[in-house]
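This is my_file.txt. It holds compact mmCIF, N, CA and C atoms.
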# COMPACT_ATOMS: atom_id res chain seq x y z
N MET A 19 -36.25 0.67 -4.13
CA MET A 19 -36.82 1.97 -4.42
C MET A 19 -37.82 2.40 -3.36
N THR A 20 -38.68 1.49 -2.90
CA THR A 20 -39.68 1.79 -1.88
C THR A 20 -39.00 2.15 -0.57
N TYR A 21 -37.91 1.45 -0.25
CA TYR A 21 -37.17 1.71 0.98
C TYR A 21 -36.60 3.13 0.97
N VAL A 22 -36.07 3.57 -0.16
CA VAL A 22 -35.50 4.91 -0.28
C VAL A 22 -36.59 5.97 -0.12
N ASN A 23 -37.73 5.76 -0.75
CA ASN A 23 -38.84 6.71 -0.62
C ASN A 23 -39.34 6.78 0.82
N SER A 24 -39.42 5.64 1.50
CA SER A 24 -39.85 5.61 2.89
C SER A 24 -38.86 6.36 3.76
N PHE A 25 -37.57 6.15 3.49
CA PHE A 25 -36.53 6.82 4.27
C PHE A 25 -36.61 8.34 4.07
N LYS A 26 -36.80 8.76 2.82
CA LYS A 26 -36.92 10.20 2.53
C LYS A 26 -38.14 10.78 3.24
N GLY A 27 -39.24 10.04 3.25
CA GLY A 27 -40.43 10.50 3.95
C GLY A 27 -40.21 10.64 5.44
N LEU A 28 -39.54 9.66 6.04
CA LEU A 28 -39.24 9.72 7.47
C LEU A 28 -38.30 10.87 7.78
N LEU A 29 -37.32 11.07 6.91
CA LEU A 29 -36.37 12.16 7.09
C LEU A 29 -37.08 13.52 7.03
N MET A 30 -38.02 13.65 6.10
CA MET A 30 -38.77 14.90 5.98
C MET A 30 -39.61 15.14 7.24
N VAL A 31 -40.27 14.11 7.74
CA VAL A 31 -41.07 14.23 8.95
C VAL A 31 -40.18 14.63 10.13
N PHE A 32 -38.99 14.04 10.21
CA PHE A 32 -38.06 14.36 11.28
C PHE A 32 -37.69 15.84 11.25
N PHE A 33 -37.35 16.36 10.05
CA PHE A 33 -36.97 17.76 9.94
C PHE A 33 -38.15 18.70 10.22
N LEU A 34 -39.33 18.31 9.83
CA LEU A 34 -40.51 19.12 10.14
C LEU A 34 -40.75 19.17 11.65
N LEU A 35 -40.61 18.04 12.31
CA LEU A 35 -40.77 18.01 13.77
C LEU A 35 -39.70 18.84 14.45
N LEU A 36 -38.47 18.75 13.96
CA LEU A 36 -37.37 19.53 14.52
C LEU A 36 -37.64 21.03 14.37
N ALA A 37 -38.10 21.43 13.20
CA ALA A 37 -38.43 22.84 12.97
C ALA A 37 -39.58 23.28 13.87
N SER A 38 -40.55 22.41 14.07
CA SER A 38 -41.68 22.72 14.94
C SER A 38 -41.22 22.91 16.37
N CYS A 39 -40.30 22.08 16.83
CA CYS A 39 -39.77 22.21 18.19
C CYS A 39 -39.02 23.52 18.36
N ALA A 40 -38.24 23.89 17.35
CA ALA A 40 -37.50 25.15 17.41
C ALA A 40 -38.47 26.33 17.47
N SER A 41 -39.53 26.26 16.68
CA SER A 41 -40.53 27.32 16.68
C SER A 41 -41.22 27.41 18.04
N THR A 42 -41.55 26.26 18.62
CA THR A 42 -42.19 26.23 19.94
C THR A 42 -41.27 26.82 21.00
N ALA A 43 -40.00 26.50 20.93
CA ALA A 43 -39.04 27.04 21.90
C ALA A 43 -38.93 28.56 21.77
N THR A 44 -38.91 29.05 20.53
CA THR A 44 -38.86 30.50 20.30
C THR A 44 -40.12 31.16 20.82
N ASN A 45 -41.28 30.56 20.55
CA ASN A 45 -42.55 31.11 21.04
C ASN A 45 -42.54 31.20 22.56
N THR A 46 -42.08 30.14 23.21
CA THR A 46 -42.04 30.13 24.68
C THR A 46 -41.08 31.18 25.20
N ALA A 47 -39.91 31.32 24.56
CA ALA A 47 -38.94 32.33 25.00
C ALA A 47 -39.52 33.73 24.84
N ASN A 48 -40.16 33.99 23.71
CA ASN A 48 -40.77 35.31 23.50
C ASN A 48 -41.88 35.58 24.50
N TYR A 49 -42.71 34.57 24.76
CA TYR A 49 -43.81 34.73 25.72
C TYR A 49 -43.25 35.03 27.11
N ASN A 50 -42.23 34.29 27.52
CA ASN A 50 -41.63 34.51 28.84
C ASN A 50 -40.99 35.88 28.94
N GLN A 51 -40.34 36.33 27.86
CA GLN A 51 -39.76 37.67 27.84
C GLN A 51 -40.86 38.73 27.95
N ALA A 52 -41.97 38.50 27.26
CA ALA A 52 -43.10 39.44 27.32
C ALA A 52 -43.65 39.54 28.74
N LYS A 53 -43.73 38.41 29.44
CA LYS A 53 -44.21 38.44 30.83
C LYS A 53 -43.27 39.28 31.70
N GLN A 54 -41.97 39.13 31.50
CA GLN A 54 -41.01 39.92 32.27
C GLN A 54 -41.13 41.41 31.93
N ASP A 55 -41.24 41.71 30.65
CA ASP A 55 -41.39 43.11 30.22
C ASP A 55 -42.66 43.72 30.82
N TYR A 56 -43.75 42.97 30.80
CA TYR A 56 -45.02 43.45 31.33
C TYR A 56 -44.89 43.72 32.84
N ALA A 57 -44.24 42.81 33.54
CA ALA A 57 -44.07 42.97 34.99
C ALA A 57 -43.23 44.21 35.32
N ARG A 58 -42.29 44.56 34.44
CA ARG A 58 -41.46 45.75 34.63
C ARG A 58 -42.18 47.03 34.20
N GLY A 59 -43.33 46.88 33.56
CA GLY A 59 -44.07 48.05 33.09
C GLY A 59 -43.69 48.48 31.68
N ASP A 60 -42.87 47.69 31.00
CA ASP A 60 -42.50 47.99 29.62
C ASP A 60 -43.53 47.34 28.70
N TYR A 61 -44.71 47.95 28.64
CA TYR A 61 -45.84 47.35 27.95
C TYR A 61 -45.66 47.29 26.43
N GLN A 62 -45.04 48.31 25.87
CA GLN A 62 -44.84 48.29 24.42
C GLN A 62 -43.91 47.15 24.01
N ARG A 63 -42.85 46.95 24.76
CA ARG A 63 -41.94 45.84 24.44
C ARG A 63 -42.63 44.50 24.66
N ALA A 64 -43.41 44.39 25.72
CA ALA A 64 -44.14 43.15 25.97
C ALA A 64 -45.06 42.85 24.80
N PHE A 65 -45.75 43.88 24.32
CA PHE A 65 -46.66 43.71 23.19
C PHE A 65 -45.89 43.21 21.96
N GLN A 66 -44.73 43.80 21.70
CA GLN A 66 -43.92 43.39 20.55
C GLN A 66 -43.44 41.94 20.69
N GLU A 67 -43.07 41.54 21.89
CA GLU A 67 -42.59 40.18 22.12
C GLU A 67 -43.70 39.14 21.90
N LEU A 68 -44.94 39.55 22.09
CA LEU A 68 -46.07 38.63 21.94
C LEU A 68 -46.45 38.38 20.48
N TRP A 69 -45.98 39.25 19.59
CA TRP A 69 -46.41 39.19 18.20
C TRP A 69 -46.16 37.83 17.55
N GLU A 70 -44.91 37.36 17.58
CA GLU A 70 -44.57 36.09 16.91
C GLU A 70 -45.31 34.89 17.51
N PRO A 71 -45.26 34.71 18.84
CA PRO A 71 -45.97 33.55 19.37
C PRO A 71 -47.48 33.60 19.11
N ALA A 72 -48.07 34.79 19.16
CA ALA A 72 -49.52 34.89 18.87
C ALA A 72 -49.79 34.53 17.42
N LYS A 73 -48.95 35.02 16.54
CA LYS A 73 -49.10 34.72 15.11
C LYS A 73 -48.94 33.21 14.85
N ASN A 74 -48.09 32.57 15.64
CA ASN A 74 -47.83 31.14 15.47
C ASN A 74 -48.82 30.26 16.24
N GLY A 75 -49.85 30.87 16.81
CA GLY A 75 -50.93 30.09 17.43
C GLY A 75 -50.76 29.81 18.91
N ASP A 76 -49.82 30.46 19.58
CA ASP A 76 -49.65 30.27 21.03
C ASP A 76 -50.85 30.92 21.73
N TYR A 77 -51.68 30.09 22.34
CA TYR A 77 -52.93 30.59 22.95
C TYR A 77 -52.67 31.55 24.10
N ARG A 78 -51.57 31.36 24.83
CA ARG A 78 -51.26 32.29 25.94
C ARG A 78 -50.93 33.67 25.39
N ALA A 79 -50.16 33.70 24.31
CA ALA A 79 -49.79 34.97 23.69
C ALA A 79 -51.00 35.62 23.04
N GLN A 80 -51.87 34.82 22.43
CA GLN A 80 -53.08 35.37 21.82
C GLN A 80 -53.96 36.03 22.89
N TYR A 81 -54.09 35.36 24.02
CA TYR A 81 -54.89 35.92 25.11
C TYR A 81 -54.26 37.22 25.64
N ALA A 82 -52.94 37.17 25.90
CA ALA A 82 -52.26 38.34 26.46
C ALA A 82 -52.32 39.52 25.49
N MET A 83 -52.10 39.25 24.23
CA MET A 83 -52.14 40.31 23.22
C MET A 83 -53.57 40.84 23.08
N GLY A 84 -54.53 39.95 23.13
CA GLY A 84 -55.93 40.36 23.07
C GLY A 84 -56.29 41.26 24.24
N TYR A 85 -55.83 40.90 25.42
CA TYR A 85 -56.07 41.70 26.62
C TYR A 85 -55.47 43.10 26.44
N MET A 86 -54.25 43.13 25.93
CA MET A 86 -53.57 44.42 25.75
C MET A 86 -54.29 45.28 24.71
N TYR A 87 -54.74 44.67 23.63
CA TYR A 87 -55.53 45.42 22.65
C TYR A 87 -56.85 45.89 23.26
N TYR A 88 -57.53 45.01 23.96
CA TYR A 88 -58.85 45.31 24.50
C TYR A 88 -58.81 46.53 25.42
N TYR A 89 -57.76 46.61 26.25
CA TYR A 89 -57.66 47.71 27.21
C TYR A 89 -56.69 48.81 26.77
N GLY A 90 -56.04 48.65 25.63
CA GLY A 90 -55.12 49.68 25.14
C GLY A 90 -53.85 49.76 25.97
N ILE A 91 -53.29 48.63 26.33
CA ILE A 91 -52.07 48.58 27.14
C ILE A 91 -50.90 48.27 26.22
N GLY A 92 -50.00 49.23 26.04
CA GLY A 92 -48.83 49.03 25.19
C GLY A 92 -49.10 49.14 23.71
N THR A 93 -50.34 49.45 23.36
CA THR A 93 -50.75 49.61 21.97
C THR A 93 -52.03 50.42 21.94
N ALA A 94 -52.45 50.81 20.76
CA ALA A 94 -53.71 51.53 20.63
C ALA A 94 -54.86 50.61 21.01
N LYS A 95 -55.84 51.18 21.70
CA LYS A 95 -57.00 50.40 22.12
C LYS A 95 -57.81 49.98 20.90
N ASN A 96 -58.10 48.68 20.82
CA ASN A 96 -58.91 48.14 19.73
C ASN A 96 -59.68 46.96 20.31
N GLN A 97 -60.87 47.22 20.82
CA GLN A 97 -61.64 46.18 21.49
C GLN A 97 -62.08 45.07 20.56
N ASP A 98 -62.35 45.38 19.31
CA ASP A 98 -62.75 44.33 18.36
C ASP A 98 -61.61 43.34 18.14
N LEU A 99 -60.42 43.86 17.86
CA LEU A 99 -59.26 42.99 17.65
C LEU A 99 -58.92 42.24 18.93
N GLY A 100 -58.99 42.93 20.06
CA GLY A 100 -58.72 42.28 21.35
C GLY A 100 -59.68 41.13 21.61
N ARG A 101 -60.95 41.38 21.36
CA ARG A 101 -61.97 40.34 21.56
C ARG A 101 -61.71 39.15 20.63
N ASN A 102 -61.32 39.42 19.40
CA ASN A 102 -61.05 38.33 18.45
C ASN A 102 -59.86 37.48 18.90
N LEU A 103 -58.81 38.12 19.39
CA LEU A 103 -57.65 37.36 19.86
C LEU A 103 -57.99 36.55 21.10
N ILE A 104 -58.73 37.15 22.00
CA ILE A 104 -59.14 36.42 23.21
C ILE A 104 -60.03 35.24 22.81
N GLN A 105 -60.90 35.44 21.83
CA GLN A 105 -61.76 34.35 21.36
C GLN A 105 -60.94 33.22 20.76
N MET A 106 -59.87 33.55 20.04
CA MET A 106 -59.01 32.52 19.47
C MET A 106 -58.41 31.65 20.58
N ALA A 107 -57.97 32.29 21.66
CA ALA A 107 -57.41 31.53 22.79
C ALA A 107 -58.50 30.74 23.50
N ALA A 108 -59.69 31.31 23.62
CA ALA A 108 -60.81 30.62 24.25
C ALA A 108 -61.21 29.39 23.44
N ASN A 109 -61.11 29.48 22.12
CA ASN A 109 -61.43 28.35 21.26
C ASN A 109 -60.48 27.17 21.50
N LYS A 110 -59.31 27.47 22.08
CA LYS A 110 -58.34 26.42 22.42
C LYS A 110 -58.48 26.01 23.88
N ASN A 111 -59.60 26.43 24.49
CA ASN A 111 -59.93 26.09 25.88
C ASN A 111 -58.92 26.59 26.90
N TYR A 112 -58.33 27.76 26.65
CA TYR A 112 -57.42 28.38 27.62
C TYR A 112 -58.29 29.04 28.69
N PRO A 113 -58.28 28.52 29.92
CA PRO A 113 -59.23 28.98 30.95
C PRO A 113 -59.32 30.49 31.15
N PRO A 114 -58.20 31.24 31.23
CA PRO A 114 -58.37 32.70 31.39
C PRO A 114 -59.11 33.34 30.22
N ALA A 115 -58.89 32.82 29.02
CA ALA A 115 -59.56 33.38 27.84
C ALA A 115 -61.04 33.02 27.84
N VAL A 116 -61.36 31.80 28.24
CA VAL A 116 -62.77 31.39 28.31
C VAL A 116 -63.50 32.28 29.31
N HIS A 117 -62.89 32.51 30.47
CA HIS A 117 -63.51 33.37 31.48
C HIS A 117 -63.65 34.81 30.98
N ALA A 118 -62.61 35.31 30.32
CA ALA A 118 -62.66 36.68 29.79
C ALA A 118 -63.79 36.82 28.77
N MET A 119 -63.96 35.82 27.91
CA MET A 119 -65.04 35.90 26.92
C MET A 119 -66.41 35.88 27.59
N GLU A 120 -66.54 35.13 28.67
CA GLU A 120 -67.80 35.15 29.42
C GLU A 120 -68.08 36.55 29.95
N LEU A 121 -67.05 37.20 30.50
CA LEU A 121 -67.22 38.55 31.04
C LEU A 121 -67.51 39.56 29.94
N ILE A 122 -66.78 39.46 28.84
CA ILE A 122 -66.99 40.39 27.72
C ILE A 122 -68.40 40.24 27.18
N THR A 123 -68.83 39.01 26.98
CA THR A 123 -70.17 38.75 26.46
C THR A 123 -71.23 39.28 27.41
N LYS A 124 -71.04 39.04 28.70
CA LYS A 124 -72.00 39.52 29.70
C LYS A 124 -72.03 41.04 29.71
N ARG A 125 -70.87 41.67 29.65
CA ARG A 125 -70.79 43.13 29.67
C ARG A 125 -71.50 43.71 28.45
N GLU A 126 -71.27 43.12 27.29
CA GLU A 126 -71.91 43.63 26.08
C GLU A 126 -73.41 43.41 26.12
N TYR A 127 -73.84 42.28 26.66
CA TYR A 127 -75.27 42.00 26.75
C TYR A 127 -75.95 42.96 27.72
N ASN A 128 -75.27 43.25 28.84
CA ASN A 128 -75.86 44.11 29.87
C ASN A 128 -75.60 45.59 29.64
N GLN A 129 -74.95 45.92 28.56
CA GLN A 129 -74.62 47.32 28.29
C GLN A 129 -75.88 48.15 28.12
N TYR A 130 -76.90 47.57 27.55
CA TYR A 130 -78.15 48.28 27.32
C TYR A 130 -79.25 47.59 28.11
N LEU A 131 -79.99 48.38 28.86
CA LEU A 131 -81.12 47.82 29.59
C LEU A 131 -82.27 47.58 28.63
N PRO A 132 -82.99 46.50 28.83
CA PRO A 132 -84.19 46.31 28.00
C PRO A 132 -85.14 47.49 28.20
N PHE A 133 -85.87 47.80 27.18
CA PHE A 133 -86.76 48.96 27.19
C PHE A 133 -87.72 48.93 28.38
N GLU A 134 -88.19 47.74 28.73
CA GLU A 134 -89.17 47.63 29.80
C GLU A 134 -88.60 48.02 31.16
N LYS A 135 -87.28 47.99 31.31
CA LYS A 135 -86.67 48.26 32.61
C LYS A 135 -86.56 49.75 32.91
N TYR A 136 -86.68 50.59 31.89
CA TYR A 136 -86.61 52.01 32.14
C TYR A 136 -87.86 52.46 32.89
N SER A 137 -87.68 53.34 33.83
CA SER A 137 -88.87 53.88 34.50
C SER A 137 -89.54 54.86 33.54
N SER A 138 -90.79 55.12 33.79
CA SER A 138 -91.49 56.06 32.91
C SER A 138 -90.85 57.44 33.01
N LYS A 139 -90.29 57.78 34.18
CA LYS A 139 -89.63 59.06 34.34
C LYS A 139 -88.41 59.14 33.42
N LYS A 140 -87.60 58.11 33.41
CA LYS A 140 -86.41 58.11 32.56
C LYS A 140 -86.80 58.11 31.09
N GLN A 141 -87.86 57.43 30.76
CA GLN A 141 -88.30 57.43 29.37
C GLN A 141 -88.70 58.84 28.95
N ASN A 142 -89.39 59.53 29.84
CA ASN A 142 -89.82 60.89 29.53
C ASN A 142 -88.67 61.87 29.48
N GLU A 143 -87.65 61.66 30.32
CA GLU A 143 -86.51 62.57 30.36
C GLU A 143 -85.51 62.26 29.26
N GLY A 144 -85.47 61.03 28.81
CA GLY A 144 -84.40 60.60 27.91
C GLY A 144 -84.81 60.58 26.47
N MET A 145 -84.80 59.40 25.92
CA MET A 145 -84.93 59.24 24.48
C MET A 145 -86.32 59.53 23.96
N MET A 146 -87.31 59.60 24.82
CA MET A 146 -88.67 59.78 24.34
C MET A 146 -88.97 61.24 24.02
N ASN A 147 -88.12 62.17 24.44
CA ASN A 147 -88.36 63.59 24.17
C ASN A 147 -87.64 64.07 22.95

Can you turn what I pasted into structure tokens?
Amino acid sequence: MTYVNSFKGLLMVFFLLLASCASTATNTANYNQAKQDYARGDYQRAFQELWEPAKNGDYRAQYAMGYMYYYGIGTAKNQDLGRNLIQMAANKNYPPAVHAMELITKREYNQYLPFEKYSSKKQNEGMMN
């Protein structure tokens, strides 16, 4: 009886691994197709091809889709969603995503000058009036 249960367990693990490999192959195929579509300038199709692999956790697709959302390429611009997708890829230590998050964070931090940096002239001309 124990042997049969062990065999069933091994068989289940085998089928799960097989399904995982098939999913990985599909993700890679979709990602590669998206790269080709993007290179041809078919941004909407590239965006659509990225959907499944990004949803399945492919960090390259998450980064690419995040980039497209962030800049509004092939889809409506949504910087919050783009930043979140890029962050997901960065959390998996994908170097382009890590670098992009550094730039995004720096840009957001530097978007507003500290109050002390304004000249008195700008303060008088701007928000102080």

*Name the residues in contact with stretch 45-52 of chain A at a cut-off of 12 Å, using only C-alpha atoms, excluding same-chain residues fewer than 3 positions from it; report them as a count of residues only.*
36

*Do you have the atom CA of A:Leu99-atom CA of A:Tyr87 distance handy?*
6.7 Å

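The two atoms in question, atom CA of A:Lys124 and atom CA of A:Ile91, are spaced 22.0 Å apart.
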
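Across the structure, atom CA of A:Asn109 and atom C of A:Thr123 are spaced 15.9 Å apart.
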
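Closest approach to A:Glu120 from the set A:Gln105, A:Thr93, A:Thr44, A:Gln54 is made by A:Gln105, with distances taken over only C-alpha atoms.
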
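The shortest atom-to-atom distance to A:Met119, with only N, CA and C atoms taken into account, belongs to A:Ile104 out of A:Tyr89, A:Gly84, A:Asp98, A:Ile104.
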